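Encoded as C-alpha cells, the structure appears first; notes follow it.
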Amino acid sequence: MPRSTAAPWFVYLLECADGSWYAGISPDPQARLRQHQNGKGAKYTRARKPLRILAVEEHVDRSAASAAEYRLKQLRKAAKRAWADAHPYRPAAGATAGPDRD
C-alpha cells in the first residue's frame with residue numbers, strides 16, 4: 001500500500017486559566033491554541049482562557065486523531081495526567097507554547 005502524503009493530525013491537551021483541561025484535534029496544535037486564545041475556538045475555551053499546550057500525540061490522519069481524542073476524553077483526570085506525561089509537548093524552535101509545565 002502506498003504511503004500517505006497527507007499531513008499528520010494531532011490530539012492536543014490544553015490547560016485553561018481555571019485549571020481545567022481541554023482536548024481537541026488539529027493539524028497544527030500551536031495555531032489552534034492561538035485561535036482558542038483569540039476566542040475563535042470551541043465554546044468551552046471561549047469561556048476559559050487556554051494558557052498552554054500540555055501534551056500532543058501525532059496520528060496519521062484526522063480519523064485516527066478523532067478516535068484517539070474520544071478515548072482521551074473518556075479518561076479520568078489522573079489517567080489524563082499520565083497520558084500528558086507520556087506525550088509532552090515540545091514546541092518547534094521559535095514557537096511559543098506558554099510557561100513551562102512544572
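Note on naming: chains are A, B, ... as they come in the C-alpha cells, residues start from 1 per chain, ligands start from 1 in the order shown.
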
Helix (DSSP H, G or I) residues, from DSSP on the backbone, in range 31-84 of chain A, as a compact mmCIF listing (two decimals) with C-alpha atoms, in the first residue's frame:
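Wrote states-v1.txt, looks like this:
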```
# COMPACT_ATOMS: atom_id res chain seq x y z
CA ALA A 31 -2.01 27.60 15.55
CA ARG A 32 -5.12 26.08 17.11
CA LEU A 33 -4.02 27.26 20.57
CA ARG A 34 -3.74 30.81 19.18
CA GLN A 35 -7.26 30.50 17.73
CA HIS A 36 -8.60 29.34 21.10
CA GLN A 37 -6.80 32.20 22.87
CA LYS A 43 -17.26 27.35 23.11
CA TYR A 44 -15.56 25.72 26.10
CA THR A 45 -12.32 27.61 25.52
CA ARG A 46 -14.07 30.92 24.91
CA ALA A 47 -15.32 30.74 28.50
CA ARG A 62 -7.97 13.08 11.07
CA SER A 63 -9.95 9.90 11.63
CA ALA A 64 -7.24 8.35 13.80
CA ALA A 65 -6.84 11.61 15.74
CA SER A 66 -10.61 11.82 16.33
CA ALA A 67 -10.70 8.27 17.68
CA ALA A 68 -7.75 9.00 19.99
CA GLU A 69 -9.41 12.24 21.16
CA TYR A 70 -12.56 10.31 22.05
CA ARG A 71 -10.53 7.78 24.06
CA LEU A 72 -8.66 10.59 25.84
CA LYS A 73 -11.90 12.35 26.77
CA GLN A 74 -13.19 9.14 28.39
CA LYS A 77 -8.16 13.28 35.27
CA ALA A 78 -5.39 11.11 36.81
CA ALA A 79 -5.27 8.98 33.66
CA LYS A 80 -5.24 12.14 31.51
CA ARG A 81 -2.27 13.38 33.56
CA ALA A 82 -0.47 10.10 32.84
CA TRP A 83 -1.32 10.48 29.14
CA ALA A 84 0.03 14.05 29.20
```

When DSSP is applied to the backbone of this structure, which of chain A are assigned strand (DSSP E or B)? Write them out as a count of residues only. 25

Please measure the separation of CA of Ala92 in chain A and CA of Ala17 in chain A, giving the value in Å to one decimal.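 Between these atoms lies a distance of 23.4 Å.
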
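Nearest-residue note for Lys49 in chain A: choosing from A:Trp9, A:Asp61, A:Gly19, A:Asp85, the minimum distance belongs to A:Gly19, counting only C-alpha atoms.
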
So that I can check the surroundings of Asp18 in chain A, please list as a VMD selection string every protein, DNA and RNA residue that reaches within 7 Å of it, counting only C-alpha atoms and ignoring chain neighbours fewer than 2 positions away. chain A and resid 16 20 48

What does the structure give for the distance between CA of Val56 in chain A and CA of Gly41 in chain A, in Å to one decimal? 17.4 Å

Looking at A:Arg76, A:Asn38, A:Val60, A:Ala55, which one is nearest to Pro8 in chain A, with distances taken over only C-alpha atoms?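 For Pro8 in chain A, the nearest of the candidates is A:Val60.
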
Separation of CA of Glu57 in chain A from CA of Ala6 in chain A, in Å and rounded to one decimal: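 Result for CA of Glu57 in chain A versus CA of Ala6 in chain A: 16.4 Å, one decimal.
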
So, with only C-alpha atoms as the atoms that count, which of A:His59, A:Lys40, A:Arg52, A:Arg90 lies closest to Val11 in chain A?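 Closest residue, counting only C-alpha atoms: A:His59.
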
I'd like to know which of A:Ala42, A:Trp21, A:Pro50, A:Pro27 is closest to Leu75 in chain A, using only C-alpha atoms.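 Nearest candidate to Leu75 in chain A out of A:Ala42, A:Trp21, A:Pro50, A:Pro27: A:Trp21.
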
Which of these residues is nearest to Glu15 in chain A, using only C-alpha atoms: A:Pro91, A:Asp28, A:Ala86, A:Leu54?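 When distances to Glu15 in chain A are compared using only C-alpha atoms, the smallest one comes from A:Leu54.
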